[in-house]
file protein_38.pdb (PDB, C-alpha atoms)
ATOM      1  CA  MET S   1     -20.196 -14.129   2.907
ATOM      2  CA  ARG S   2     -17.782 -15.533   5.505
ATOM      3  CA  LEU S   3     -14.396 -13.805   5.435
ATOM      4  CA  LEU S   4     -11.216 -14.558   7.371
ATOM      5  CA  VAL S   5      -8.603 -11.792   7.500
ATOM      6  CA  LEU S   6      -5.133 -12.657   8.755
ATOM      7  CA  GLY S   7      -4.123  -9.478  10.580
ATOM      8  CA  GLY S   8      -6.968  -7.058  10.127
ATOM      9  CA  THR S   9      -6.185  -4.241  12.562
ATOM     10  CA  GLU S  10      -3.736  -2.038  10.629
ATOM     11  CA  PHE S  11      -3.896  -0.116   7.337
ATOM     12  CA  ALA S  12      -4.870  -2.428   4.432
ATOM     13  CA  GLY S  13      -6.095  -5.243   6.647
ATOM     14  CA  ARG S  14      -8.173  -2.875   8.727
ATOM     15  CA  ALA S  15      -9.716  -1.247   5.645
ATOM     16  CA  ILE S  16     -10.698  -4.681   4.322
ATOM     17  CA  VAL S  17     -12.303  -5.665   7.636
ATOM     18  CA  GLU S  18     -14.224  -2.371   7.861
ATOM     19  CA  ALA S  19     -15.454  -2.674   4.284
ATOM     20  CA  ALA S  20     -16.540  -6.293   4.759
ATOM     21  CA  ALA S  21     -18.325  -5.526   8.041
ATOM     22  CA  GLY S  22     -20.013  -2.602   6.273
ATOM     23  CA  ARG S  23     -21.397  -5.055   3.717
ATOM     24  CA  GLY S  24     -22.813  -7.200   6.485
ATOM     25  CA  TRP S  25     -20.312 -10.030   5.956
ATOM     26  CA  ASP S  26     -19.423 -12.457   8.719
ATOM     27  CA  VAL S  27     -15.824 -11.376   9.436
ATOM     28  CA  THR S  28     -13.215 -13.207  11.526
ATOM     29  CA  VAL S  29      -9.709 -11.864  12.151
ATOM     30  CA  LEU S  30      -6.624 -13.641  13.436
ATOM     31  CA  ASN S  31      -3.839 -11.541  14.928
ATOM     32  CA  ARG S  32      -1.635 -11.161  17.973
ATOM     33  CA  GLY S  33      -4.177  -9.028  19.806
ATOM     34  CA  ARG S  34      -1.907  -5.988  20.102
ATOM     35  CA  HIS S  35      -4.487  -3.556  18.711
ATOM     36  CA  ALA S  36      -8.138  -2.928  19.438
ATOM     37  CA  PRO S  37     -10.352  -5.134  17.277
ATOM     38  CA  VAL S  38     -12.352  -3.569  14.475
ATOM     39  CA  PRO S  39     -16.036  -3.332  15.414
ATOM     40  CA  GLY S  40     -18.129  -5.945  13.657
ATOM     41  CA  ALA S  41     -15.397  -8.593  13.477
ATOM     42  CA  ARG S  42     -14.865 -11.705  15.589
ATOM     43  CA  SER S  43     -11.320 -11.827  16.943
ATOM     44  CA  LEU S  44      -9.068 -14.856  17.262
ATOM     45  CA  VAL S  45      -5.619 -14.580  18.833
ATOM     46  CA  GLY S  46      -2.562 -16.183  17.297
ATOM     47  CA  ASP S  47       1.032 -15.361  16.376
ATOM     48  CA  ARG S  48       1.920 -16.729  12.954
ATOM     49  CA  THR S  49       5.627 -16.563  13.766
ATOM     50  CA  ALA S  50       5.353 -18.754  16.882
ATOM     51  CA  PRO S  51       4.969 -22.533  17.205
ATOM     52  CA  GLY S  52       1.277 -23.356  17.382
ATOM     53  CA  GLY S  53       0.400 -19.799  16.383
ATOM     54  CA  LEU S  54      -2.387 -20.955  14.056
ATOM     55  CA  ALA S  55      -4.117 -23.155  16.626
ATOM     56  CA  ALA S  56      -7.129 -20.829  16.748
ATOM     57  CA  LEU S  57      -7.816 -21.720  13.099
ATOM     58  CA  ALA S  58      -8.006 -25.455  13.713
ATOM     59  CA  ASP S  59     -11.766 -25.326  13.109
ATOM     60  CA  GLY S  60     -13.981 -23.184  10.916
ATOM     61  CA  GLU S  61     -14.843 -22.638   7.281
ATOM     62  CA  TRP S  62     -14.800 -19.469   5.222
ATOM     63  CA  ASP S  63     -15.684 -18.368   1.725
ATOM     64  CA  ALA S  64     -12.417 -16.477   1.424
ATOM     65  CA  VAL S  65      -9.208 -15.645   3.276
ATOM     66  CA  VAL S  66      -7.317 -12.355   2.906
ATOM     67  CA  ASP S  67      -3.639 -12.327   3.827
ATOM     68  CA  THR S  68      -1.450  -9.175   3.816
ATOM     69  CA  TRP S  69       1.738 -10.790   5.194
ATOM     70  CA  SER S  70       5.015  -9.248   3.982
ATOM     71  CA  ALA S  71       7.794 -11.079   5.805
ATOM     72  CA  ALA S  72       8.885 -14.743   5.672
ATOM     73  CA  PRO S  73       6.847 -16.638   3.042
ATOM     74  CA  ARG S  74       6.695 -19.548   5.470
ATOM     75  CA  ALA S  75       3.829 -17.831   7.308
ATOM     76  CA  VAL S  76       1.731 -17.712   4.134
ATOM     77  CA  HIS S  77       2.708 -21.286   3.278
ATOM     78  CA  GLU S  78       1.598 -22.624   6.655
ATOM     79  CA  SER S  79      -1.647 -20.632   6.730
ATOM     80  CA  ALA S  80      -2.644 -21.589   3.191
ATOM     81  CA  ARG S  81      -1.886 -25.287   3.742
ATOM     82  CA  LEU S  82      -3.897 -25.294   6.962
ATOM     83  CA  LEU S  83      -6.909 -23.589   5.356
ATOM     84  CA  ARG S  84      -7.114 -25.361   1.997
ATOM     85  CA  GLY S  85     -10.286 -27.373   1.866
ATOM     86  CA  ARG S  86     -11.894 -25.100   4.480
ATOM     87  CA  ALA S  87     -11.784 -21.824   2.544
ATOM     88  CA  GLY S  88     -13.034 -21.168  -0.946
ATOM     89  CA  ARG S  89     -10.429 -18.638  -2.061
ATOM     90  CA  TYR S  90      -7.076 -17.319  -0.828
ATOM     91  CA  VAL S  91      -6.450 -13.633  -1.480
ATOM     92  CA  TYR S  92      -2.848 -12.590  -1.039
ATOM     93  CA  VAL S  93      -2.135  -8.861  -1.002
ATOM     94  CA  SER S  94       1.198  -8.732  -2.782
ATOM     95  CA  THR S  95       3.070  -5.840  -4.416
ATOM     96  CA  CYS S  96       4.253  -4.580  -7.780
ATOM     97  CA  SER S  97       7.762  -5.042  -6.346
ATOM     98  CA  VAL S  98       7.524  -8.682  -7.426
ATOM     99  CA  TYR S  99       8.283  -7.567 -10.994
ATOM    100  CA  ALA S 100      11.913  -7.776 -12.077
ATOM    101  CA  TRP S 101      13.384  -4.319 -11.511
ATOM    102  CA  ALA S 102      12.751  -2.055 -13.223
ATOM    103  CA  PRO S 103       9.618  -2.836 -15.216
ATOM    104  CA  PRO S 104       9.013  -0.396 -18.089
ATOM    105  CA  ALA S 105       6.108   2.031 -18.177
ATOM    106  CA  GLY S 106       2.943   0.249 -19.199
ATOM    107  CA  TYR S 107       3.937  -3.100 -17.705
ATOM    108  CA  THR S 108       1.150  -5.640 -17.290
ATOM    109  CA  GLU S 109       0.686  -8.685 -15.091
ATOM    110  CA  ASP S 110       2.707 -10.659 -17.662
ATOM    111  CA  ALA S 111       5.926  -8.695 -16.999
ATOM    112  CA  PRO S 112       8.968 -10.720 -15.826
ATOM    113  CA  LEU S 113       9.061 -11.492 -12.105
ATOM    114  CA  VAL S 114      11.799 -11.657  -9.506
ATOM    115  CA  GLU S 115      12.969 -15.069  -8.440
ATOM    116  CA  GLY S 116      10.790 -15.755  -5.449
ATOM    117  CA  ALA S 117      11.917 -17.204  -2.180
ATOM    118  CA  ALA S 118      10.803 -20.770  -1.552
ATOM    119  CA  PRO S 119       7.234 -20.832  -0.184
ATOM    120  CA  ASP S 120       8.446 -22.289   3.117
ATOM    121  CA  ALA S 121      11.493 -19.994   3.401
ATOM    122  CA  GLU S 122      12.444 -17.663   6.208
ATOM    123  CA  GLN S 123      12.627 -13.900   5.643
ATOM    124  CA  SER S 124      15.081 -12.602   3.037
ATOM    125  CA  ASP S 125      14.211  -9.392   1.161
ATOM    126  CA  TYR S 126      10.869  -7.724   0.516
ATOM    127  CA  ALA S 127      10.424  -8.475  -3.194
ATOM    128  CA  ARG S 128      11.546 -12.115  -2.991
ATOM    129  CA  ASP S 129       9.472 -12.677   0.135
ATOM    130  CA  LYS S 130       6.332 -11.259  -1.444
ATOM    131  CA  ARG S 131       6.834 -13.398  -4.530
ATOM    132  CA  GLY S 132       7.386 -16.346  -2.219
ATOM    133  CA  GLY S 133       4.074 -15.527  -0.562
ATOM    134  CA  GLU S 134       2.386 -15.572  -3.975
ATOM    135  CA  LEU S 135       3.895 -18.969  -4.695
ATOM    136  CA  ALA S 136       2.743 -20.250  -1.316
ATOM    137  CA  ALA S 137      -0.851 -19.090  -1.825
ATOM    138  CA  ALA S 138      -1.098 -20.400  -5.385
ATOM    139  CA  GLY S 139       0.673 -23.617  -4.465
ATOM    140  CA  ALA S 140      -1.831 -24.468  -1.735
ATOM    141  CA  PHE S 141      -5.056 -23.265  -3.382
ATOM    142  CA  GLY S 142      -4.168 -23.669  -7.038
ATOM    143  CA  PRO S 143      -4.294 -20.959  -9.714
ATOM    144  CA  GLY S 144      -8.085 -21.070  -9.923
ATOM    145  CA  ASP S 145      -8.736 -20.339  -6.243
ATOM    146  CA  SER S 146      -5.935 -17.892  -5.437
ATOM    147  CA  LEU S 147      -6.029 -14.152  -6.096
ATOM    148  CA  LEU S 148      -2.755 -12.199  -6.150
ATOM    149  CA  VAL S 149      -3.284  -8.487  -5.563
ATOM    150  CA  ARG S 150      -0.153  -6.674  -6.752
ATOM    151  CA  SER S 151      -0.669  -3.319  -5.121
ATOM    152  CA  GLY S 152       1.404  -0.245  -5.751
ATOM    153  CA  LEU S 153       1.631   2.839  -3.561
ATOM    154  CA  ILE S 154      -1.197   2.703  -0.989
ATOM    155  CA  LEU S 155      -2.436   5.888   0.674
ATOM    156  CA  GLY S 156      -5.331   6.810   2.932
ATOM    157  CA  PRO S 157      -6.504   6.687   6.555
ATOM    158  CA  TYR S 158      -4.641   4.369   8.954
ATOM    159  CA  GLU S 159      -1.434   4.603   6.912
ATOM    160  CA  ASN S 160       1.409   3.167   8.995
ATOM    161  CA  ILE S 161       4.209   3.799   6.490
ATOM    162  CA  GLY S 162       4.178   7.574   6.902
ATOM    163  CA  ARG S 163       4.200   8.907   3.336
ATOM    164  CA  LEU S 164       1.030  10.992   3.101
ATOM    165  CA  PRO S 165       1.039  11.684   6.862
ATOM    166  CA  TRP S 166       4.524  13.166   6.509
ATOM    167  CA  TRP S 167       3.447  15.547   3.745
ATOM    168  CA  LEU S 168       0.368  16.583   5.701
ATOM    169  CA  GLY S 169       2.405  17.192   8.842
ATOM    170  CA  ARG S 170       5.085  19.110   6.994
ATOM    171  CA  ILE S 171       2.660  21.365   5.148
ATOM    172  CA  ALA S 172       0.619  21.906   8.321
ATOM    173  CA  ARG S 173       3.730  23.444   9.926
ATOM    174  CA  GLY S 174       3.628  26.152   7.265
ATOM    175  CA  GLY S 175       6.397  28.264   5.804
ATOM    176  CA  PRO S 176       8.414  27.498   2.671
ATOM    177  CA  VAL S 177       8.035  23.839   1.675
ATOM    178  CA  LEU S 178      10.410  22.075  -0.694
ATOM    179  CA  ALA S 179       8.008  20.830  -3.369
ATOM    180  CA  PRO S 180       9.669  18.421  -5.810
ATOM    181  CA  GLY S 181       8.784  19.205  -9.388
ATOM    182  CA  PRO S 182       7.476  19.261 -11.878
ATOM    183  CA  ARG S 183       3.971  20.130 -10.668
ATOM    184  CA  GLU S 184       2.437  18.080 -13.469
ATOM    185  CA  LEU S 185       4.410  14.926 -12.612
ATOM    186  CA  PRO S 186       1.870  12.067 -12.959
ATOM    187  CA  LEU S 187       1.293   9.840  -9.940
ATOM    188  CA  GLN S 188      -0.236   6.405  -9.533
ATOM    189  CA  TYR S 189      -1.465   5.038  -6.200
ATOM    190  CA  VAL S 190      -4.553   3.471  -4.666
ATOM    191  CA  ASP S 191      -6.649   4.664  -1.757
ATOM    192  CA  VAL S 192      -6.648   1.845   0.785
ATOM    193  CA  ARG S 193     -10.453   1.858   0.867
ATOM    194  CA  ASP S 194     -10.662   1.468  -2.920
ATOM    195  CA  LEU S 195      -8.220  -1.425  -2.617
ATOM    196  CA  ALA S 196     -10.466  -3.007   0.001
ATOM    197  CA  GLU S 197     -13.652  -2.577  -2.015
ATOM    198  CA  TRP S 198     -12.057  -4.066  -5.122
ATOM    199  CA  ILE S 199     -10.823  -7.093  -3.167
ATOM    200  CA  LEU S 200     -14.282  -7.776  -1.754
ATOM    201  CA  GLY S 201     -15.832  -7.391  -5.189
ATOM    202  CA  ALA S 202     -13.226  -9.760  -6.610
ATOM    203  CA  VAL S 203     -14.145 -12.336  -3.967
ATOM    204  CA  GLU S 204     -17.802 -12.028  -4.929
ATOM    205  CA  ARG S 205     -16.938 -12.445  -8.613
ATOM    206  CA  GLY S 206     -14.653 -15.400  -7.967
ATOM    207  CA  LEU S 207     -11.634 -13.748  -9.590
ATOM    208  CA  SER S 208      -8.246 -15.428  -9.562
ATOM    209  CA  GLY S 209      -4.708 -14.845 -10.765
ATOM    210  CA  PRO S 210      -2.596 -11.671 -10.589
ATOM    211  CA  TYR S 211      -3.911  -8.103 -10.809
ATOM    212  CA  ASN S 212      -2.001  -4.828 -10.769
ATOM    213  CA  LEU S 213      -3.984  -2.841  -8.227
ATOM    214  CA  MET S 214      -3.559   0.928  -8.257
ATOM    215  CA  SER S 215      -5.167   3.911  -9.931
ATOM    216  CA  PRO S 216      -4.831   4.562 -13.650
ATOM    217  CA  ARG S 217      -1.562   6.201 -14.675
ATOM    218  CA  GLY S 218      -1.763   9.924 -14.060
ATOM    219  CA  HIS S 219      -4.770   9.659 -11.724
ATOM    220  CA  THR S 220      -3.321  12.731 -10.043
ATOM    221  CA  THR S 221      -0.152  14.812 -10.126
ATOM    222  CA  MET S 222       2.424  15.880  -7.575
ATOM    223  CA  GLY S 223       0.969  19.369  -7.740
ATOM    224  CA  GLU S 224      -2.583  18.222  -7.102
ATOM    225  CA  LEU S 225      -1.453  16.062  -4.172
ATOM    226  CA  LEU S 226       0.498  18.780  -2.360
ATOM    227  CA  GLU S 227      -2.045  21.483  -3.145
ATOM    228  CA  ALA S 228      -4.723  19.256  -1.620
ATOM    229  CA  CYS S 229      -2.544  18.928   1.496
ATOM    230  CA  ALA S 230      -2.246  22.718   1.723
ATOM    231  CA  ARG S 231      -5.972  23.137   1.223
ATOM    232  CA  VAL S 232      -7.151  20.686   3.885
ATOM    233  CA  THR S 233      -4.640  21.783   6.538
ATOM    234  CA  GLY S 234      -5.376  25.462   5.973
ATOM    235  CA  ALA S 235      -1.726  26.178   6.692
ATOM    236  CA  ASP S 236       0.228  29.257   5.687
ATOM    237  CA  ALA S 237       2.552  27.155   3.558
ATOM    238  CA  GLU S 238       4.399  28.188   0.411
ATOM    239  CA  LEU S 239       5.014  25.327  -2.004
ATOM    240  CA  CYS S 240       8.441  26.074  -3.483
ATOM    241  CA  TRP S 241       8.510  24.012  -6.671
ATOM    242  CA  THR S 242      12.058  22.970  -7.390
ATOM    243  CA  ASP S 243      13.471  21.170 -10.417
ATOM    244  CA  PRO S 244      14.501  17.518 -10.064
ATOM    245  CA  GLU S 245      18.140  18.165 -10.967
ATOM    246  CA  THR S 246      18.594  20.554  -8.050
ATOM    247  CA  ILE S 247      16.964  18.131  -5.627
ATOM    248  CA  LEU S 248      19.004  15.157  -6.774
ATOM    249  CA  GLY S 249      22.161  17.268  -6.839
ATOM    250  CA  ALA S 250      21.632  18.035  -3.153
ATOM    251  CA  GLY S 251      21.777  14.322  -2.369
ATOM    252  CA  ILE S 252      18.106  14.027  -1.431
ATOM    253  CA  GLU S 253      16.693  10.535  -1.788
ATOM    254  CA  PRO S 254      13.509  10.283  -3.866
ATOM    255  CA  TRP S 255      10.640   8.249  -2.422
ATOM    256  CA  THR S 256      12.093   8.126   1.091
ATOM    257  CA  GLN S 257      13.149  11.667   1.998
ATOM    258  CA  LEU S 258      10.503  13.138  -0.292
ATOM    259  CA  PRO S 259       7.767  10.510  -0.057
ATOM    260  CA  VAL S 260       5.779   9.527  -3.173
ATOM    261  CA  TRP S 261       8.070  11.542  -5.473
ATOM    262  CA  VAL S 262      10.499  10.029  -7.935
ATOM    263  CA  PRO S 263      11.993  12.089 -10.778
ATOM    264  CA  PRO S 264      10.326  12.051 -14.189
ATOM    265  CA  GLY S 265      11.915   9.976 -16.917
ATOM    266  CA  SER S 266      13.619   7.646 -14.444
ATOM    267  CA  ASP S 267      13.313   3.875 -14.261
ATOM    268  CA  GLU S 268      11.900   4.370 -10.778
ATOM    269  CA  HIS S 269       9.068   6.589 -12.018
ATOM    270  CA  ASP S 270       8.118   4.134 -14.746
ATOM    271  CA  ALA S 271       8.129   1.288 -12.239
ATOM    272  CA  LEU S 272       6.306   3.026  -9.377
ATOM    273  CA  HIS S 273       3.862   5.207 -11.294
ATOM    274  CA  GLY S 274       3.545   3.471 -14.664
ATOM    275  CA  ALA S 275       1.699   0.160 -14.318
ATOM    276  CA  ASP S 276      -1.022  -0.909 -16.719
ATOM    277  CA  VAL S 277      -4.136  -1.470 -14.581
ATOM    278  CA  SER S 278      -6.646  -2.133 -17.320
ATOM    279  CA  ARG S 279      -7.345  -5.612 -15.956
ATOM    280  CA  ALA S 280      -8.357  -4.262 -12.532
ATOM    281  CA  LEU S 281     -10.391  -1.425 -14.055
ATOM    282  CA  ALA S 282     -12.295  -3.915 -16.204
ATOM    283  CA  THR S 283     -13.208  -5.889 -13.073
ATOM    284  CA  GLY S 284     -14.627  -3.077 -11.002
ATOM    285  CA  LEU S 285     -11.784  -0.939  -9.639
ATOM    286  CA  ARG S 286     -13.025   2.568  -8.882
ATOM    287  CA  CYS S 287     -10.639   5.261  -7.605
ATOM    288  CA  ARG S 288     -11.817   8.274  -5.629
ATOM    289  CA  PRO S 289     -10.360  11.758  -6.212
ATOM    290  CA  VAL S 290      -7.062  12.620  -4.539
ATOM    291  CA  GLY S 291      -8.724  15.425  -2.588
ATOM    292  CA  GLU S 292     -10.954  12.930  -0.803
ATOM    293  CA  THR S 293      -8.012  10.690   0.117
ATOM    294  CA  VAL S 294      -6.039  13.655   1.467
ATOM    295  CA  ALA S 295      -8.961  15.155   3.396
ATOM    296  CA  ASP S 296      -9.926  11.869   5.041
ATOM    297  CA  THR S 297      -6.317  11.104   5.968
ATOM    298  CA  TRP S 298      -5.976  14.541   7.546
ATOM    299  CA  ARG S 299      -9.231  14.058   9.467
ATOM    300  CA  TRP S 300      -7.970  10.712  10.795
ATOM    301  CA  LEU S 301      -4.576  12.177  11.736
ATOM    302  CA  ARG S 302      -6.173  14.992  13.710
ATOM    303  CA  ALA S 303      -8.453  12.518  15.482
ATOM    304  CA  ILE S 304      -5.458  10.532  16.769
ATOM    305  CA  GLY S 305      -3.442  13.568  17.853
ATOM    306  CA  GLY S 306      -1.501  14.267  14.670
ATOM    307  CA  THR S 307       1.074  11.457  14.837
ATOM    308  CA  ALA S 308       0.594   8.476  12.560
ATOM    309  CA  PRO S 309       1.461   4.968  13.794
ATOM    310  CA  ARG S 310       4.658   3.491  12.396
ATOM    311  CA  ARG S 311       4.873  -0.078  11.222
ATOM    312  CA  PRO S 312       7.705  -1.873  13.049
ATOM    313  CA  GLY S 313      10.806  -2.500  11.011
ATOM    314  CA  ARG S 314      10.059   0.122   8.368
ATOM    315  CA  PRO S 315      12.546   2.999   7.916
ATOM    316  CA  ALA S 316      11.450   6.523   8.690
ATOM    317  CA  VAL S 317      10.420   8.685   5.747
ATOM    318  CA  GLY S 318      10.634  12.423   5.252
ATOM    319  CA  LEU S 319      13.201  15.181   5.008
ATOM    320  CA  ASP S 320      14.959  16.706   8.005
ATOM    321  CA  ALA S 321      14.013  20.358   8.535
ATOM    322  CA  GLY S 322      17.621  21.500   8.426
ATOM    323  CA  ALA S 323      18.309  19.696   5.174
ATOM    324  CA  GLU S 324      15.144  21.147   3.674
ATOM    325  CA  ALA S 325      16.126  24.698   4.625
ATOM    326  CA  GLU S 326      19.588  24.218   3.157
ATOM    327  CA  VAL S 327      18.217  22.980  -0.154
ATOM    328  CA  LEU S 328      15.621  25.753  -0.299
ATOM    329  CA  ALA S 329      18.365  28.353   0.145
ATOM    330  CA  LYS S 330      20.502  26.810  -2.586
ATOM    331  CA  ALA S 331      17.548  26.306  -4.912
ATOM    332  CA  ALA S 332      16.315  29.887  -4.831
ATOM    333  CA  GLY S 333      17.376  30.382  -8.443
ATOM    334  CA  HIS S 334      16.102  27.004  -9.637
ATOM    335  CA  ARG S 335      12.399  27.255  -8.834
ATOM    336  CA  LEU S 336       9.791  26.088 -11.330
TER     337      LEU S 336
END

call {"tool": "encode", "arguments": {"input": "protein_38.pdb", "output": "structure tokens"}}
result
Amino acid sequence: MRLLVLGGTEFAGRAIVEAAAGRGWDVTVLNRGRHAPVPGARSLVGDRTAPGGLAALADGEWDAVVDTWSAAPRAVHESARLLRGRAGRYVYVSTCSVYAWAPPAGYTEDAPLVEGAAPDAEQSDYARDKRGGELAAAGAFGPGDSLLVRSGLILGPYENIGRLPWWLGRIARGGPVLAPGPRELPLQYVDVRDLAEWILGAVERGLSGPYNLMSPRGHTTMGELLEACARVTGADAELCWTDPETILGAGIEPWTQLPVWVPPGSDEHDALHGADVSRALATGLRCRPVGETVADTWRWLRAIGGTAPRRPGRPAVGLDAGAEAEVLAKAAGHRL
């Protein structure tokens, strides 16, 4: 199988390249050459944001293209138009953010969508741009030869957003840790390697159309996630489980200051941890245990010196140590 990955050196793109090379596929990547190439892949250099940036793709044919672009839809539009007729399928890694906010718990691929940016538009906002990227891919390749992977929260090795790395780093420092409750709060995410394997399987099966791509609802809980972090780091950390009302009352931002967590019963929790993924499960999605994701991410972090890379343009995540201490002191009587 001949695969072209646009990007292919960071997080999701890298996991897809590694998985494809592991299957013995013929893998080509196009990127700006700022990172070391993944072993087993042929590298082409090009900047999709610059005039002539796709020149390296003037020749060649592939069975499938995987595109993880998340800025101006124009880049997807130009790539897909250039490659139609020379690639069998266009896989666009999109996001569940393309659903009109906030989708209710149990939402399927048929839920209402945001109004997408025009396929050839410049950058606007994340959700509209991703929907614009979907429109660009489907517009060039048609609904039968385009696959729209609407991923949710992605965790695992090579994460360049900082969510799981922040929790691992915080718990590794030890001491009292503000743990947002309840412990049994259900979480939904996908390990980046499970995402990659499903995409490659979908290419082999010739799948098309949209798929919600994350673990089943309640695949793990907030308690299981943080306890796994404590276990793999071996730190002398005390998880201080605190009720959501106290956390919100202190002005702490869910999802950003306390990554992954959003309070139960909220629109945000239904939207971020409540998708129906039966379609993906029926087509081969398999999700590894949370302990494996946490352990492998910790192993990778230690191998690179403990500091995860940060994707340019993304805001920092995590809670300031002083703010955490202040909330812990105030929350002493509100522990779960």

call {"tool": "closest_residue", "arguments": {"input": "protein_38.pdb", "among": "S:Ala36, S:Arg128, S:Ala137, S:Thr28", "to": "S:Leu82", "atoms": "all atoms listed in the file"}}
result
S:Ala137

call {"tool": "closest_residue", "arguments": {"input": "protein_38.pdb", "among": "S:Thr95, S:Thr9, S:Thr283, S:Ser70", "to": "S:Glu204", "atoms": "all atoms listed in the file"}}
result
S:Thr283

call {"tool": "resolve_selection", "arguments": {"input": "protein_38.pdb", "expression": "the PyMOL selection byres ((chain S and resi 160-162) around 10)", "output": "VMD selection string"}}
result
chain S and resid 10 to 12 154 to 159 163 to 169 256 259 307 to 312 314 to 318

call {"tool": "closest_residue", "arguments": {"input": "protein_38.pdb", "among": "S:Ala295, S:Val17, S:Val290, S:Leu272", "to": "S:Ala102", "atoms": "all atoms listed in the file"}}
result
S:Leu272

call {"tool": "closest_atom_pairs", "arguments": {"input": "protein_38.pdb", "of": "stretch 180-259 of chain S", "to": "stretch 1-8 of chain S", "cutoff": "12 Å", "atoms": "all atoms listed in the file", "output": "JSON lines"}}
result
{"residue": "S:Ala196", "atom": "CA", "partner": "S:Gly8", "partner_atom": "CA", "distance": 11.5}
{"residue": "S:Ile199", "atom": "CA", "partner": "S:Leu3", "partner_atom": "CA", "distance": 11.5}
{"residue": "S:Leu200", "atom": "CA", "partner": "S:Leu3", "partner_atom": "CA", "distance": 9.4}
{"residue": "S:Gly201", "atom": "CA", "partner": "S:Met1", "partner_atom": "CA", "distance": 11.4}
{"residue": "S:Val203", "atom": "CA", "partner": "S:Met1", "partner_atom": "CA", "distance": 9.3}
{"residue": "S:Glu204", "atom": "CA", "partner": "S:Met1", "partner_atom": "CA", "distance": 8.5}

call {"tool": "closest_residue", "arguments": {"input": "protein_38.pdb", "among": "S:Tyr90, S:Tyr99, S:Trp298, S:Tyr126", "to": "S:Arg231", "atoms": "only C-alpha atoms"}}
result
S:Trp298

call {"tool": "residues_around", "arguments": {"input": "protein_38.pdb", "residues": "S:Gly144", "least_positions_apart": "2", "cutoff": "8 Å", "atoms": "all atoms listed in the file", "output": "JSON, numbers by chain"}}
result
{"S": [141, 142, 146, 208, 209]}

call {"tool": "resolve_selection", "arguments": {"input": "protein_38.pdb", "expression": "the PyMOL selection byres ((chain S and resi 114) around 8)", "output": "ChimeraX atom specification"}}
result
/S:98-101,112-113,115-116,127-128,131

call {"tool": "write_last_selection", "arguments": {"input": "protein_38.pdb", "atoms": "C-alpha atoms", "output": "JSON list (two decimals), in the frame of the given file"}}
result
[["chain", "number", "residue", "atom", "x", "y", "z"],
["S", 98, "VAL", "CA", 7.52, -8.68, -7.43],
["S", 99, "TYR", "CA", 8.28, -7.57, -10.99],
["S", 100, "ALA", "CA", 11.91, -7.78, -12.08],
["S", 101, "TRP", "CA", 13.38, -4.32, -11.51],
["S", 112, "PRO", "CA", 8.97, -10.72, -15.83],
["S", 113, "LEU", "CA", 9.06, -11.49, -12.10],
["S", 115, "GLU", "CA", 12.97, -15.07, -8.44],
["S", 116, "GLY", "CA", 10.79, -15.76, -5.45],
["S", 127, "ALA", "CA", 10.42, -8.48, -3.19],
["S", 128, "ARG", "CA", 11.55, -12.12, -2.99],
["S", 131, "ARG", "CA", 6.83, -13.40, -4.53]]

call {"tool": "atom_distance", "arguments": {"input": "protein_38.pdb", "atom1": "atom CA of S:Val38", "atom2": "atom CA of S:Asp191"}}
result
19.1 Å

call {"tool": "resolve_selection", "arguments": {"input": "protein_38.pdb", "expression": "the PyMOL selection byres ((chain S and resi 83-88) around 7)", "output": "PDB file with C-alpha atoms, in the frame of the given file"}}
result
ATOM      1  CA  GLU S  61     -14.843 -22.638   7.281  1.00  0.00           C
ATOM      2  CA  TRP S  62     -14.800 -19.469   5.222  1.00  0.00           C
ATOM      3  CA  ASP S  63     -15.684 -18.368   1.725  1.00  0.00           C
ATOM      4  CA  ALA S  64     -12.417 -16.477   1.424  1.00  0.00           C
ATOM      5  CA  VAL S  65      -9.208 -15.645   3.276  1.00  0.00           C
ATOM      6  CA  SER S  79      -1.647 -20.632   6.730  1.00  0.00           C
ATOM      7  CA  ALA S  80      -2.644 -21.589   3.191  1.00  0.00           C
ATOM      8  CA  ARG S  81      -1.886 -25.287   3.742  1.00  0.00           C
ATOM      9  CA  LEU S  82      -3.897 -25.294   6.962  1.00  0.00           C
ATOM     10  CA  ARG S  89     -10.429 -18.638  -2.061  1.00  0.00           C
ATOM     11  CA  ALA S 140      -1.831 -24.468  -1.735  1.00  0.00           C
ATOM     12  CA  PHE S 141      -5.056 -23.265  -3.382  1.00  0.00           C
ATOM     13  CA  ASP S 145      -8.736 -20.339  -6.243  1.00  0.00           C
TER      14      ASP S 145
END
